[in-house]
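Pasted below: coords.csv, CSV, C-alpha atoms.
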chain,number,residue,atom,x,y,z
A,1,MET,CA,-54.6,44.4,81.4
A,2,ALA,CA,-55.4,43.0,78.0
A,3,ASP,CA,-52.6,41.2,76.2
A,4,LYS,CA,-51.9,43.1,73.0
A,5,ARG,CA,-49.9,40.3,71.3
A,6,HIS,CA,-52.9,39.7,69.0
A,7,ARG,CA,-51.9,42.8,67.1
A,8,VAL,CA,-48.8,41.1,65.8
A,9,PRO,CA,-48.8,40.9,62.0
A,10,ALA,CA,-48.7,37.4,60.6
A,11,ARG,CA,-45.6,37.9,58.4
A,12,ALA,CA,-42.4,38.4,60.4
A,13,VAL,CA,-39.0,38.2,58.7
A,14,PRO,CA,-37.0,39.9,56.0
A,15,PRO,CA,-37.1,38.1,52.6
A,16,THR,CA,-33.7,36.5,52.9
A,17,GLY,CA,-32.1,33.1,53.8
A,18,SER,CA,-32.5,31.7,57.3
A,19,ARG,CA,-28.9,32.3,58.1
A,20,ASP,CA,-29.2,35.9,57.1
A,21,LYS,CA,-32.4,36.3,59.1
A,22,LEU,CA,-30.7,35.0,62.2
A,23,ALA,CA,-27.7,37.3,61.7
A,24,PHE,CA,-30.0,40.3,61.2
A,25,LEU,CA,-31.9,39.6,64.4
A,26,LEU,CA,-28.7,39.1,66.4
A,27,ALA,CA,-27.6,42.5,65.2
A,28,LEU,CA,-31.0,44.2,65.6
A,29,VAL,CA,-31.8,43.2,69.2
A,30,PRO,CA,-28.6,44.7,70.8
A,31,TRP,CA,-28.9,47.8,68.7
A,32,LEU,CA,-32.5,48.3,69.9
A,33,LEU,CA,-31.5,47.7,73.5
A,34,GLU,CA,-28.7,50.2,73.2
A,35,HIS,CA,-30.8,52.9,71.7
A,36,ASP,CA,-33.8,52.6,74.1
A,37,ARG,CA,-36.5,54.1,71.8
A,38,VAL,CA,-36.2,54.5,68.1
A,39,THR,CA,-38.6,54.9,65.2
A,40,VAL,CA,-39.1,52.2,62.6
A,41,GLN,CA,-37.8,54.7,60.0
A,42,GLU,CA,-34.5,55.2,62.0
A,43,ALA,CA,-34.0,51.5,62.3
A,44,ALA,CA,-34.6,50.9,58.6
A,45,ALA,CA,-32.2,53.6,57.6
A,46,HIS,CA,-29.5,52.2,60.0
A,47,PHE,CA,-29.7,48.7,58.7
A,48,GLY,CA,-30.5,49.5,55.1
A,49,VAL,CA,-33.7,47.5,54.9
A,50,SER,CA,-37.3,48.4,54.3
A,51,GLU,CA,-39.6,49.6,57.1
A,52,ASP,CA,-41.8,46.5,56.6
A,53,ASP,CA,-38.8,44.3,57.2
A,54,ILE,CA,-38.1,46.2,60.5
A,55,ARG,CA,-41.8,45.9,61.6
A,56,SER,CA,-41.9,42.2,60.9
A,57,SER,CA,-38.6,41.5,62.5
A,58,VAL,CA,-39.5,43.4,65.7
A,59,SER,CA,-42.7,41.4,65.8
A,60,LEU,CA,-40.7,38.2,65.6
A,61,VAL,CA,-38.4,39.3,68.3
A,62,ALA,CA,-41.5,39.9,70.5
A,63,MET,CA,-42.5,36.3,70.1
A,64,SER,CA,-39.0,34.9,70.9
A,65,GLY,CA,-37.4,33.9,74.1
A,66,VAL,CA,-35.8,31.1,76.1
A,67,PRO,CA,-38.0,28.4,77.8
A,68,GLY,CA,-37.8,28.3,81.6
A,69,SER,CA,-37.4,25.4,84.0
A,70,THR,CA,-40.8,24.0,83.0
A,71,ALA,CA,-39.5,23.7,79.3
A,72,THR,CA,-42.5,25.9,78.3
A,73,TYR,CA,-42.6,29.6,77.4
A,74,GLN,CA,-44.0,31.7,80.2
A,75,HIS,CA,-44.5,35.5,80.0
A,76,GLU,CA,-41.2,36.2,81.7
A,77,ASP,CA,-39.4,33.9,79.3
A,78,LEU,CA,-40.2,36.1,76.2
A,79,PHE,CA,-39.2,39.4,74.8
A,80,ASP,CA,-41.8,42.1,75.0
A,81,ILE,CA,-42.2,45.6,73.5
A,82,ASP,CA,-44.3,48.7,74.1
A,83,TRP,CA,-47.1,47.7,71.7
A,84,ASP,CA,-48.9,51.0,72.0
A,85,ALA,CA,-45.8,52.8,70.8
A,86,PHE,CA,-45.2,50.2,68.1
A,87,GLU,CA,-48.5,51.0,66.6
A,88,GLN,CA,-47.1,54.6,66.2
A,89,ASP,CA,-44.0,53.2,64.5
A,90,GLU,CA,-41.8,53.6,67.7
A,91,ILE,CA,-39.8,50.6,69.0
A,92,ALA,CA,-39.0,50.1,72.7
A,93,ILE,CA,-38.1,46.8,74.2
A,94,THR,CA,-39.7,46.6,77.6
A,95,GLN,CA,-38.5,43.1,78.5
A,96,HIS,CA,-35.6,41.1,77.3
A,97,VAL,CA,-34.2,37.6,78.1
A,98,ALA,CA,-30.9,35.8,77.7
A,99,ILE,CA,-29.0,38.9,76.6
A,100,ASP,CA,-27.7,39.7,80.1
A,101,ASP,CA,-26.7,36.1,80.6
A,102,ALA,CA,-23.6,36.6,78.4
A,103,PRO,CA,-20.3,37.1,80.4
A,104,ARG,CA,-19.6,40.8,80.9
A,105,LEU,CA,-16.4,42.6,81.9
A,106,SER,CA,-16.2,43.7,85.5
A,107,ALA,CA,-15.6,47.4,86.2
A,108,ARG,CA,-12.0,46.7,87.1
A,109,GLU,CA,-11.4,44.7,84.0
A,110,ALA,CA,-12.9,47.4,81.8
A,111,ALA,CA,-10.9,50.1,83.5
A,112,ALA,CA,-7.7,48.1,82.9
A,113,LEU,CA,-8.5,47.7,79.2
A,114,ILE,CA,-9.4,51.4,78.9
A,115,ALA,CA,-6.0,52.3,80.5
A,116,GLY,CA,-4.3,50.2,77.9
A,117,LEU,CA,-6.2,51.9,75.1
A,118,GLN,CA,-5.4,55.3,76.5
A,119,TYR,CA,-1.7,54.4,76.3
A,120,LEU,CA,-2.1,53.2,72.7
A,121,GLN,CA,-3.9,56.4,71.8
A,122,SER,CA,-0.9,58.4,73.2
A,123,LEU,CA,1.5,56.9,70.6
A,124,PRO,CA,2.0,59.0,67.5
A,125,GLU,CA,1.0,56.2,65.1
A,126,ASN,CA,-2.4,55.9,66.9
A,127,ALA,CA,-3.1,59.5,67.7
A,128,ASP,CA,-6.7,60.6,67.5
A,129,ARG,CA,-7.9,57.2,66.2
A,130,VAL,CA,-11.7,57.2,66.1
A,131,ALA,CA,-11.7,53.4,66.4
A,132,ILE,CA,-9.9,53.5,69.8
A,133,ARG,CA,-12.2,56.2,71.1
A,134,ASN,CA,-15.3,54.2,70.1
A,135,LEU,CA,-13.9,51.1,71.7
A,136,VAL,CA,-13.3,52.9,75.0
A,137,GLU,CA,-17.0,54.0,74.9
A,138,LYS,CA,-18.2,50.5,74.2
A,139,LEU,CA,-16.1,49.1,77.1
A,140,SER,CA,-17.5,51.7,79.4
A,141,ARG,CA,-21.1,50.9,78.4
A,142,GLY,CA,-20.7,47.1,78.4
A,143,ALA,CA,-19.1,46.6,81.8
A,144,SER,CA,-21.1,45.1,84.6
A,145,SER,CA,-20.8,48.5,86.4
A,146,THR,CA,-19.3,51.9,85.7
A,147,PRO,CA,-15.5,51.6,85.3
A,148,SER,CA,-13.4,54.0,87.4
A,149,GLN,CA,-12.5,57.2,85.8
A,150,LEU,CA,-8.8,57.2,85.2
A,151,ALA,CA,-6.0,58.5,83.1
A,152,VAL,CA,-2.6,56.8,82.3
A,153,ALA,CA,-0.1,58.4,84.6
A,154,GLY,CA,3.3,59.6,83.4
A,155,ASP,CA,2.3,60.9,80.1
A,156,PRO,CA,5.2,62.5,78.2
A,157,ASP,CA,5.4,66.3,77.9
A,158,SER,CA,2.4,67.2,75.8
A,159,GLU,CA,4.3,69.8,73.7
A,160,VAL,CA,7.1,67.3,72.8
A,161,LEU,CA,4.6,64.6,72.1
A,162,GLY,CA,2.6,66.9,70.0
A,163,LEU,CA,5.6,67.8,67.9
A,164,VAL,CA,6.5,64.1,67.5
A,165,ARG,CA,3.0,63.3,66.4
A,166,ARG,CA,3.2,66.0,63.9
A,167,ALA,CA,6.5,64.9,62.6
A,168,VAL,CA,5.3,61.3,62.2
A,169,ALA,CA,2.1,62.4,60.4
A,170,GLU,CA,4.0,64.6,58.0
A,171,GLY,CA,7.0,62.3,57.6
A,172,ARG,CA,9.5,64.9,58.7
A,173,ARG,CA,12.7,64.8,60.8
A,174,VAL,CA,12.9,66.3,64.3
A,175,ARG,CA,15.8,68.2,65.8
A,176,PHE,CA,16.5,68.5,69.5
A,177,ALA,CA,19.2,69.0,72.1
A,178,TYR,CA,19.9,65.8,74.1
A,179,LEU,CA,21.7,65.3,77.4
A,180,ASN,CA,23.8,62.2,76.9
A,181,SER,CA,25.0,59.6,79.4
A,182,ARG,CA,28.1,61.7,80.2
A,183,GLY,CA,26.0,64.8,81.0
A,184,GLU,CA,27.0,66.4,77.7
A,185,ARG,CA,24.5,68.3,75.5
A,186,GLU,CA,24.4,67.2,71.9
A,187,ASP,CA,22.2,68.3,68.9
A,188,ARG,CA,20.5,65.4,67.3
A,189,ASP,CA,18.6,65.0,64.0
A,190,VAL,CA,16.3,62.0,64.3
A,191,ASP,CA,13.7,60.3,62.0
A,192,PRO,CA,11.0,59.5,64.6
A,193,LEU,CA,9.7,55.9,64.5
A,194,ARG,CA,7.9,55.1,67.8
A,195,VAL,CA,7.2,56.3,71.3
A,196,GLU,CA,7.3,53.8,74.1
A,197,SER,CA,7.3,53.8,77.9
A,198,ILE,CA,8.6,51.8,80.8
A,199,ASP,CA,6.7,52.6,84.0
A,200,SER,CA,6.6,56.4,84.1
A,201,ASP,CA,9.6,57.0,81.7
A,202,TRP,CA,8.8,57.8,78.1
A,203,TYR,CA,11.2,57.2,75.2
A,204,LEU,CA,11.5,58.2,71.5
A,205,ARG,CA,12.9,55.5,69.2
A,206,GLY,CA,14.2,56.7,66.0
A,207,TRP,CA,17.0,56.8,63.4
A,208,CYS,CA,19.8,59.1,64.7
A,209,HIS,CA,21.6,60.9,61.8
A,210,LEU,CA,24.5,61.8,64.1
A,211,ARG,CA,25.2,58.1,65.0
A,212,GLN,CA,23.8,56.7,61.8
A,213,ALA,CA,22.0,54.1,63.8
A,214,LEU,CA,18.8,53.3,65.6
A,215,ARG,CA,18.8,55.1,69.0
A,216,THR,CA,16.5,55.5,72.0
A,217,PHE,CA,16.0,58.9,73.7
A,218,ARG,CA,14.4,59.7,77.0
A,219,PHE,CA,11.8,62.5,76.8
A,220,ASP,CA,13.0,64.2,80.0
A,221,ARG,CA,16.5,64.5,78.5
A,222,MET,CA,15.3,66.2,75.3
A,223,SER,CA,14.9,69.9,74.9
A,224,ASP,CA,14.4,72.6,72.2
A,225,MET,CA,12.6,70.2,69.9
A,226,ILE,CA,11.6,71.4,66.4
A,227,VAL,CA,10.0,69.7,63.4
A,228,THR,CA,12.4,70.4,60.5
A,229,GLU,CA,11.5,70.7,56.8
A,230,LEU,CA,13.6,67.7,56.0
A,231,PRO,CA,11.8,64.5,55.0
A,232,ILE,CA,12.7,61.4,57.0
A,233,GLU,CA,15.1,59.0,55.3
A,234,HIS,CA,14.0,55.9,57.3
A,235,ASP,CA,10.5,54.9,58.5
A,236,ALA,CA,9.1,52.1,60.6
A,237,ALA,CA,8.3,49.9,57.6
A,238,GLU,CA,12.0,49.6,56.6
A,239,VAL,CA,13.8,49.9,59.9
A,240,ARG,CA,13.6,46.7,62.1
A,241,LEU,CA,12.6,47.8,65.6
A,242,PRO,CA,13.8,45.2,68.1
A,243,ASP,CA,11.4,43.9,70.7
A,244,THR,CA,13.8,45.2,73.4
A,245,LEU,CA,13.6,48.9,74.0
A,246,PHE,CA,17.4,49.3,74.5
A,247,GLU,CA,20.0,48.3,71.9
A,248,PRO,CA,23.7,48.0,72.8
A,249,SER,CA,25.9,51.0,72.0
A,250,ALA,CA,29.6,51.7,72.2
A,251,GLU,CA,28.7,54.5,74.6
A,252,ASP,CA,26.8,52.3,77.0
A,253,LEU,CA,28.0,51.8,80.6
A,254,GLU,CA,28.7,48.3,81.9
A,255,VAL,CA,27.5,47.5,85.4
A,256,THR,CA,28.0,44.3,87.3
A,257,ILE,CA,25.1,43.3,89.5
A,258,GLU,CA,23.9,40.5,91.7
A,259,ALA,CA,20.2,39.8,91.6
A,260,ALA,CA,17.6,37.4,92.9
A,261,PRO,CA,16.8,34.7,90.3
A,262,GLU,CA,13.1,35.7,90.2
A,263,VAL,CA,13.9,39.3,88.9
A,264,ILE,CA,16.5,38.3,86.2
A,265,GLY,CA,13.7,38.1,83.6
A,266,LEU,CA,12.7,41.7,84.4
A,267,LEU,CA,16.3,42.8,83.6
A,268,ALA,CA,16.5,41.0,80.3
A,269,ASP,CA,16.3,44.2,78.2
A,270,TYR,CA,19.5,45.4,79.9
A,271,ILE,CA,21.5,42.2,79.8
A,272,PRO,CA,23.6,42.0,76.6
A,273,ASP,CA,23.8,38.9,74.5
A,274,GLY,CA,26.6,36.6,75.7
A,275,ALA,CA,26.8,38.2,79.1
A,276,LEU,CA,28.6,35.9,81.6
A,277,THR,CA,26.5,34.8,84.6
A,278,SER,CA,27.5,33.0,87.7
A,279,GLU,CA,25.8,32.0,91.0
A,280,VAL,CA,27.0,33.9,94.1
A,281,GLY,CA,25.2,32.3,97.1
A,282,ASP,CA,21.4,32.6,96.4
A,283,ARG,CA,21.9,35.3,93.8
A,284,ILE,CA,23.0,35.5,90.1
A,285,ARG,CA,25.8,37.8,89.1
A,286,THR,CA,25.6,39.2,85.6
A,287,THR,CA,26.3,42.4,83.6
A,288,LEU,CA,23.9,45.2,82.6
A,289,ARG,CA,24.4,47.8,79.9
A,290,VAL,CA,22.8,51.2,80.6
A,291,SER,CA,23.0,54.5,78.8
A,292,HIS,CA,23.6,56.5,82.0
A,293,TYR,CA,23.7,56.1,85.7
A,294,HIS,CA,20.4,58.1,86.2
A,295,GLY,CA,18.6,55.3,84.4
A,296,LEU,CA,20.4,52.7,86.6
A,297,LYS,CA,19.3,54.4,89.8
A,298,ARG,CA,15.7,54.2,88.8
A,299,LEU,CA,16.0,50.6,87.6
A,300,ILE,CA,17.6,49.4,90.9
A,301,ALA,CA,15.1,51.5,93.0
A,302,GLY,CA,12.2,49.7,91.3
A,303,MET,CA,13.5,46.3,92.6
A,304,PRO,CA,14.2,47.0,96.3
A,305,GLY,CA,16.1,44.3,98.1
A,306,THR,CA,16.5,42.1,95.1
A,307,VAL,CA,19.3,43.7,93.1
A,308,ARG,CA,22.7,44.8,94.4
A,309,VAL,CA,25.3,46.9,92.3
A,310,VAL,CA,28.7,45.3,92.6
A,311,ALA,CA,30.9,47.4,90.2
A,312,PRO,CA,32.1,49.8,89.1
A,313,ASP,CA,32.5,52.0,92.2
A,314,GLN,CA,31.0,55.0,90.4
A,315,ALA,CA,27.8,53.1,89.8
A,316,ARG,CA,27.7,51.9,93.4
A,317,ARG,CA,28.1,55.5,94.6
A,318,ALA,CA,25.4,56.8,92.3
A,319,VAL,CA,22.8,54.3,93.5
A,320,ALA,CA,23.8,54.7,97.1
A,321,GLU,CA,23.7,58.5,97.0
A,322,TRP,CA,20.3,58.5,95.2
A,323,ALA,CA,18.8,56.1,97.8
A,324,ALA,CA,20.2,58.2,100.7
A,325,ALA,CA,18.8,61.4,99.2
A,326,GLY,CA,15.4,59.7,98.9
A,327,LEU,CA,15.6,58.5,102.5
A,328,ALA,CA,16.5,61.9,103.8
A,329,ARG,CA,13.3,63.4,102.4
A,330,TYR,CA,11.4,61.3,105.0
A,331,ALA,CA,13.5,62.6,107.9
Since I need it in another form, could you write the structure as structure tokens?
Amino acid sequence: MADKRHRVPARAVPPTGSRDKLAFLLALVPWLLEHDRVTVQEAAAHFGVSEDDIRSSVSLVAMSGVPGSTATYQHEDLFDIDWDAFEQDEIAITQHVAIDDAPRLSAREAAALIAGLQYLQSLPENADRVAIRNLVEKLSRGASSTPSQLAVAGDPDSEVLGLVRRAVAEGRRVRFAYLNSRGEREDRDVDPLRVESIDSDWYLRGWCHLRQALRTFRFDRMSDMIVTELPIEHDAAEVRLPDTLFEPSAEDLEVTIEAAPEVIGLLADYIPDGALTSEVGDRIRTTLRVSHYHGLKRLIAGMPGTVRVVAPDQARRAVAEWAAAGLARYA
């Protein structure tokens, strides 16, 4: 087959500085590879340059490459294009070099990043962000193989989350019934600030007008939520949200535990400042503060064999009964 490289025009770069030429070519080649076949007109419109600049740049790309082991340019060391199509102003790269040598994410790495982005997209402040969706698509295309199709488990109730998103977007207060740590139902008016999660549990962080303080509310203990007509009085820009999810409250329950040293760091959010600690055999005894025993049960269950509840008796019974009920389901 005749080599059609003799058809390449002599002039080959946009009329700009050398650094700009290189930047342009580095942007042009991946774009052409991503779009398979495009016309010269489409490429010129995308990059905002003339059609002649596109033609000359594509011709330069077709004469570029990476020298092989012989330190000379062989045919397989150079880019190539469909020259017949190029004469009809259509661009299609038929051979490329070096591009695939760059490190790429594995399918598992891409899937993990996509899961994180899906979580971020579920938060009210990031809802429906085009940038996040575009990044997910790029990760899917750029991985070494197709990432596993997945969704982040444990999403909060879609209706409640939808109302919170609406309230955040419109800067309005929400009102809902809340089951507190004593099992009592209370009506709360809250300026919503942030939605966060720990494992499969989702929480709303906001300014509670009943307590006149920052509070954290579990989604599964909220009901009858409405978006009021009242504007919020506090927003995330003026209220300092601590790094820890749970803040001490006069209503918190104190629980004494003994834990293996390696899991103490996992309990840091629940250990109040100034809590006394002591060594008991190969374990560390300290104090946790929790809003209710239901949360304590789930916390202890997530660290089997490493944490033991010491006091009070009510906390010990709550955890023991919950564990026994779970075991009975396997009988």
I'd like a table as CSV: residues in region 288-311 of chain A with an atom no more than 12 Å from region 203-219 of chain A, each row giving the shortest atom pair and its distance in Å to one decimal, all atoms listed in the file counted, sorted by chain and rising residue number.
residue,atom,partner,partner_atom,distance
A:Val290,CA,A:Thr216,CA,11.5
A:Ser291,CA,A:Thr216,CA,9.5
A:His292,CA,A:Arg218,CA,10.9
A:His294,CA,A:Arg218,CA,11.1
A:Gly295,CA,A:Arg218,CA,9.6
Once you count all atoms listed in the file, what closest atom pair and distance in Å to one decimal does each residue of region 203-285 of chain A within 6 Å of region 162-179 of chain A have, with rows by chain and rising residue number, as CSV?
residue,atom,partner,partner_atom,distance
A:Arg221,CA,A:Leu179,CA,5.4
A:Met222,CA,A:Tyr178,CA,4.8
A:Ser223,CA,A:Ala177,CA,5.2
A:Asp224,CA,A:Phe176,CA,5.3
A:Met225,CA,A:Phe176,CA,4.3
A:Ile226,CA,A:Arg175,CA,5.3
A:Val227,CA,A:Val174,CA,4.6
A:Thr228,CA,A:Val174,CA,5.6
A:Leu230,CA,A:Arg172,CA,5.7
A:Pro231,CA,A:Arg172,CA,4.4
A:Ile232,CA,A:Arg172,CA,5.0
Q: Could you jot down the CA of Val49 (chain A) to CA of Trp83 (chain A) separation for me, Å, one decimal place?
A: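 Taking CA of Val49 (chain A) and CA of Trp83 (chain A), their separation equals 21.5 Å.
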Within 7 Å of Arg37 (chain A) using all atoms listed in the file, minus same-chain residues under 5 positions, as a list of chain:residue names: A:Glu90, A:Ile91, A:Ala92
Correct to one decimal, the distance CA of Ser50 (chain A)-CA of Gln95 (chain A) is 24.8 Å
Computed interatomic separation between CA of Arg329 (chain A) and CA of Tyr293 (chain A) (Å):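 It comes out at 21.0 Å.
Shortest atom-to-atom contact with Gly48 (chain A) among A:Asp191, A:Phe24, A:Asp80, A:Thr256: A:Phe24, counting only C-alpha atoms.
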Which residues are near His46 (chain A)? Cut-off 12 Å, all atoms listed in the file, ignore same chain within fewer than 3 positions. Put them as a ChimeraX atom specification. /A:24,27-28,31-32,35,38-43,49-51,54
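Each of A:Arg185, A:Lys21, A:Arg289, A:Arg283 was compared to Gly305 (chain A) using only C-alpha atoms, and A:Arg283 turns out to be the nearest.
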